[in-house]
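Structure, as structure tokens:
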Amino acid sequence: MITEDLSLPTTCPESKQPFHPREYRNALGRFATGVSVVTTHHHGRTHGMTANAFVSVSLDPPLVLLSLDNRSQMHQILPATGVFGVSVLAEGQEAISNHFAGRAVDGLEIQFVTRRNVPVLEGAVAYFVARVVNTHEAGDHTLYIGHVEHFESSDGRPLLFFAGDYEQIRRRKTSRRRQNSAPARHAASKT
């Protein structure tokens with residue numbers, strides 16, 4: 001597990017004001033994200049890590065982006081394999097997230113399924129298999145651009161991460177906003 005001292009301030013070069021890494025991380029944590037596990041197969045073993053830095057880049061061509069810490073084991077392995085799976089975790093898969101974040105979970109049994117010869121996690125709400133097509137160094141991380149070769153999804157609810165903790169989607173029984181906005185979209189498409 002990667003650790004760093006986020007309590008010590010540094011100086012922000014442009015403003016000469018102290019830059020507090022812990023406060024910065026806390027501010028970033030206000031952006032709710034899904035939780036995914038990135039997997040690949042290397043030298044006969046499945047490797048995985050929890051990541052919430054996974055985003056769509058393009059629909060045509062279908063591209064996704066992973067941001068990996070340069071000190072992570074996945075960053076060392078992925079250039080050799082050139083292919084990765086992303087499992088978007090479902091509600092109730094917190095233990096799996098913790099396991100792949102380096103926090104041991106006693107008695108946890110991990111079940112993988114294979115898509116295009118890449119392991120992904122059983123029970124996830126979506127799977128993506130992508131081939132690395134480009135990388136970009138970005139500070140203490142590397143951005144991996146992947147061309148999606150396979151995907152699938154289900155109607156399950158995703159696991160969310162917000163302000164350092166797991167969250168769930170809370171849906172209203174009837175979405176008034178959805179009902180009111182549907183005619184407007186339909187009318188707008190006619191003009």
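To be explicit about the labels: the chains of the structure tokens are called A, B, and onward in the order shown, and within each one the residues are counted from 1, while ligands get numbers from 1 in the order they are shown.
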* To do: Apply DSSP to the backbone of this structure and, from stretch 11-100 of chain A, keep only the residues in strand (DSSP E); write these as an MDAnalysis selection string.
  => chainID A and resid 11 18:19 33:34 36:42 45:51 54:58 63:69 83:88
Output C-alpha atoms for every residue in the selection just made, as a tab-separated table (two decimals), in the first residue's frame.
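The resulting again22.tsv:
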```
chain	number	residue	atom	x	y	z
A	11	THR	CA	4.62	26.07	-1.39
A	18	PRO	CA	1.40	27.28	1.49
A	19	PHE	CA	-0.18	24.37	-0.34
A	33	THR	CA	-16.87	8.85	-7.93
A	34	GLY	CA	-17.64	5.28	-8.72
A	36	SER	CA	-13.59	0.23	-9.84
A	37	VAL	CA	-10.99	-2.49	-9.71
A	38	VAL	CA	-8.40	-2.58	-12.48
A	39	THR	CA	-7.13	-6.07	-13.31
A	40	THR	CA	-4.61	-7.69	-15.59
A	41	HIS	CA	-2.97	-11.10	-15.91
A	42	HIS	CA	0.83	-11.29	-15.74
A	45	ARG	CA	-1.16	-14.40	-11.79
A	46	THR	CA	-4.12	-12.03	-11.67
A	47	HIS	CA	-3.19	-8.59	-10.37
A	48	GLY	CA	-5.70	-5.96	-9.33
A	49	MET	CA	-6.00	-2.61	-7.64
A	50	THR	CA	-8.88	-0.40	-6.54
A	51	ALA	CA	-9.14	2.79	-8.56
A	54	PHE	CA	-11.22	5.83	-14.30
A	55	VAL	CA	-13.06	7.96	-16.87
A	56	SER	CA	-14.47	7.85	-20.35
A	57	VAL	CA	-12.41	9.81	-22.86
A	58	SER	CA	-14.12	9.23	-26.20
A	63	LEU	CA	-11.39	5.24	-25.19
A	64	VAL	CA	-11.06	5.21	-21.42
A	65	LEU	CA	-8.41	6.61	-19.10
A	66	LEU	CA	-6.78	5.21	-15.97
A	67	SER	CA	-4.60	7.32	-13.72
A	68	LEU	CA	-2.08	5.17	-11.84
A	69	ASP	CA	0.33	6.24	-9.12
A	83	VAL	CA	-4.28	-4.86	-21.62
A	84	PHE	CA	-6.49	-4.31	-18.59
A	85	GLY	CA	-9.96	-4.96	-17.27
A	86	VAL	CA	-12.06	-2.52	-15.28
A	87	SER	CA	-14.83	-3.83	-13.02
A	88	VAL	CA	-17.23	-1.13	-11.82
```
Using only C-alpha atoms, what table do you get, as JSON lines, when you list each residue of stretch 93-159 of chain A with an atom no more than 12 Å from stretch 71-80 of chain A, its nearest pair of atoms, and their distance in Å rounded to one decimal, rows by chain then rising number?
```
{"residue": "A:Phe100", "atom": "CA", "partner": "A:Met74", "partner_atom": "CA", "distance": 11.1}
{"residue": "A:Ala101", "atom": "CA", "partner": "A:Ser72", "partner_atom": "CA", "distance": 10.7}
{"residue": "A:Gly102", "atom": "CA", "partner": "A:Ser72", "partner_atom": "CA", "distance": 11.0}
{"residue": "A:Ala130", "atom": "CA", "partner": "A:Leu78", "partner_atom": "CA", "distance": 11.4}
{"residue": "A:Arg131", "atom": "CA", "partner": "A:Leu78", "partner_atom": "CA", "distance": 10.0}
{"residue": "A:Val132", "atom": "CA", "partner": "A:Pro79", "partner_atom": "CA", "distance": 8.1}
{"residue": "A:Val133", "atom": "CA", "partner": "A:Pro79", "partner_atom": "CA", "distance": 10.4}
{"residue": "A:Asn134", "atom": "CA", "partner": "A:Pro79", "partner_atom": "CA", "distance": 10.2}
{"residue": "A:Thr135", "atom": "CA", "partner": "A:Pro79", "partner_atom": "CA", "distance": 9.2}
{"residue": "A:Glu137", "atom": "CA", "partner": "A:His75", "partner_atom": "CA", "distance": 11.4}
{"residue": "A:Gly139", "atom": "CA", "partner": "A:Arg71", "partner_atom": "CA", "distance": 11.8}
{"residue": "A:Asp140", "atom": "CA", "partner": "A:Arg71", "partner_atom": "CA", "distance": 8.2}
{"residue": "A:His141", "atom": "CA", "partner": "A:Arg71", "partner_atom": "CA", "distance": 8.3}
{"residue": "A:Thr142", "atom": "CA", "partner": "A:His75", "partner_atom": "CA", "distance": 7.7}
{"residue": "A:Leu143", "atom": "CA", "partner": "A:His75", "partner_atom": "CA", "distance": 9.7}
{"residue": "A:Tyr144", "atom": "CA", "partner": "A:Leu78", "partner_atom": "CA", "distance": 9.0}
{"residue": "A:Ile145", "atom": "CA", "partner": "A:Leu78", "partner_atom": "CA", "distance": 11.5}
{"residue": "A:Gly146", "atom": "CA", "partner": "A:Leu78", "partner_atom": "CA", "distance": 11.1}
```
* If you run DSSP on the backbone, which residues of stretch 10-189 of chain A are alpha helix (DSSP H), as a PyMOL selection string? -> chain A and resi 21-28+73-81+94-100+176-189
Would you write out those residues with N, CA and C atoms, as a CSV table (one decimal), in the first residue's frame?
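This went into part-v5.csv:
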```
chain,number,residue,atom,x,y,z
A,21,PRO,N,-1.3,19.5,1.2
A,21,PRO,CA,-1.7,18.3,0.5
A,21,PRO,C,-2.9,17.7,1.1
A,22,ARG,N,-3.0,17.6,2.4
A,22,ARG,CA,-4.2,17.0,3.0
A,22,ARG,C,-5.5,17.8,2.7
A,23,GLU,N,-5.4,19.1,2.8
A,23,GLU,CA,-6.6,19.9,2.4
A,23,GLU,C,-6.9,19.7,1.0
A,24,TYR,N,-5.9,19.7,0.1
A,24,TYR,CA,-6.2,19.5,-1.3
A,24,TYR,C,-6.8,18.1,-1.6
A,25,ARG,N,-6.3,17.1,-0.9
A,25,ARG,CA,-6.9,15.7,-1.1
A,25,ARG,C,-8.4,15.7,-0.5
A,26,ASN,N,-8.6,16.4,0.6
A,26,ASN,CA,-10.0,16.5,1.1
A,26,ASN,C,-10.9,17.2,0.1
A,27,ALA,N,-10.4,18.3,-0.5
A,27,ALA,CA,-11.2,19.0,-1.5
A,27,ALA,C,-11.5,18.1,-2.7
A,28,LEU,N,-10.6,17.3,-3.2
A,28,LEU,CA,-10.8,16.4,-4.3
A,28,LEU,C,-11.8,15.3,-3.9
A,73,GLN,N,2.1,-1.1,-8.0
A,73,GLN,CA,2.5,-2.3,-8.6
A,73,GLN,C,1.9,-2.4,-10.0
A,74,MET,N,0.6,-1.9,-10.1
A,74,MET,CA,-0.1,-2.0,-11.4
A,74,MET,C,0.6,-1.1,-12.5
A,75,HIS,N,1.2,0.0,-12.0
A,75,HIS,CA,2.0,0.8,-13.0
A,75,HIS,C,3.2,0.1,-13.5
A,76,GLN,N,3.8,-0.8,-12.7
A,76,GLN,CA,4.9,-1.6,-13.1
A,76,GLN,C,4.5,-2.7,-14.0
A,77,ILE,N,3.4,-3.3,-13.8
A,77,ILE,CA,2.9,-4.4,-14.6
A,77,ILE,C,2.2,-4.1,-15.9
A,78,LEU,N,1.4,-3.0,-15.9
A,78,LEU,CA,0.6,-2.7,-17.1
A,78,LEU,C,1.4,-2.5,-18.4
A,79,PRO,N,2.5,-1.9,-18.4
A,79,PRO,CA,3.3,-1.7,-19.6
A,79,PRO,C,3.6,-3.1,-20.2
A,80,ALA,N,3.9,-4.1,-19.4
A,80,ALA,CA,4.2,-5.4,-19.9
A,80,ALA,C,3.0,-6.2,-20.5
A,81,THR,N,1.9,-6.0,-19.9
A,81,THR,CA,0.7,-6.7,-20.3
A,81,THR,C,0.0,-6.0,-21.5
A,94,GLU,N,-17.9,-3.5,-1.0
A,94,GLU,CA,-16.9,-2.7,-0.3
A,94,GLU,C,-15.7,-3.6,0.1
A,95,ALA,N,-16.0,-4.8,0.6
A,95,ALA,CA,-14.9,-5.7,1.0
A,95,ALA,C,-13.9,-5.9,-0.2
A,96,ILE,N,-14.5,-6.1,-1.4
A,96,ILE,CA,-13.6,-6.3,-2.6
A,96,ILE,C,-12.8,-5.0,-2.8
A,97,SER,N,-13.4,-3.9,-2.7
A,97,SER,CA,-12.7,-2.6,-2.9
A,97,SER,C,-11.6,-2.5,-1.9
A,98,ASN,N,-11.9,-2.8,-0.6
A,98,ASN,CA,-10.8,-2.8,0.4
A,98,ASN,C,-9.7,-3.7,0.2
A,99,HIS,N,-10.1,-4.9,-0.3
A,99,HIS,CA,-9.0,-5.9,-0.5
A,99,HIS,C,-8.0,-5.4,-1.6
A,100,PHE,N,-8.6,-4.9,-2.7
A,100,PHE,CA,-7.7,-4.5,-3.8
A,100,PHE,C,-7.0,-3.1,-3.5
A,176,ARG,N,-39.5,13.3,-10.1
A,176,ARG,CA,-40.3,14.4,-10.7
A,176,ARG,C,-39.5,15.1,-11.8
A,177,ARG,N,-38.2,15.3,-11.5
A,177,ARG,CA,-37.4,16.0,-12.5
A,177,ARG,C,-37.3,15.2,-13.8
A,178,ARG,N,-37.3,13.9,-13.8
A,178,ARG,CA,-37.2,13.1,-15.0
A,178,ARG,C,-38.6,13.2,-15.7
A,179,GLN,N,-39.7,13.2,-15.0
A,179,GLN,CA,-41.0,13.3,-15.7
A,179,GLN,C,-41.1,14.7,-16.3
A,180,ASN,N,-40.7,15.8,-15.6
A,180,ASN,CA,-40.9,17.1,-16.1
A,180,ASN,C,-39.9,17.4,-17.3
A,181,SER,N,-38.8,16.8,-17.3
A,181,SER,CA,-37.8,17.1,-18.3
A,181,SER,C,-38.0,16.3,-19.6
A,182,ALA,N,-38.6,15.2,-19.5
A,182,ALA,CA,-38.8,14.3,-20.7
A,182,ALA,C,-39.6,15.0,-21.8
A,183,PRO,N,-40.7,15.7,-21.6
A,183,PRO,CA,-41.4,16.4,-22.7
A,183,PRO,C,-40.5,17.5,-23.3
A,184,ALA,N,-39.7,18.2,-22.5
A,184,ALA,CA,-38.9,19.3,-23.0
A,184,ALA,C,-37.8,18.7,-23.9
A,185,ARG,N,-37.2,17.6,-23.6
A,185,ARG,CA,-36.2,17.0,-24.5
A,185,ARG,C,-36.9,16.6,-25.8
A,186,HIS,N,-38.1,16.0,-25.7
A,186,HIS,CA,-38.8,15.5,-26.9
A,186,HIS,C,-39.2,16.7,-27.8
A,187,ALA,N,-39.7,17.8,-27.1
A,187,ALA,CA,-40.0,19.0,-27.9
A,187,ALA,C,-38.8,19.6,-28.6
A,188,ALA,N,-37.7,19.6,-27.8
A,188,ALA,CA,-36.5,20.2,-28.4
A,188,ALA,C,-35.9,19.5,-29.6
A,189,SER,N,-36.2,18.1,-29.6
A,189,SER,CA,-35.6,17.4,-30.7
A,189,SER,C,-36.4,17.5,-31.9
```
* Asked: Nearest to A:Asn52 among A:Leu108, A:Phe151, A:Pro119, A:Leu89, with distances taken over only C-alpha atoms: which residue is it?
  ->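 Residue with the minimum atom-to-atom distance to A:Asn52: A:Leu89.
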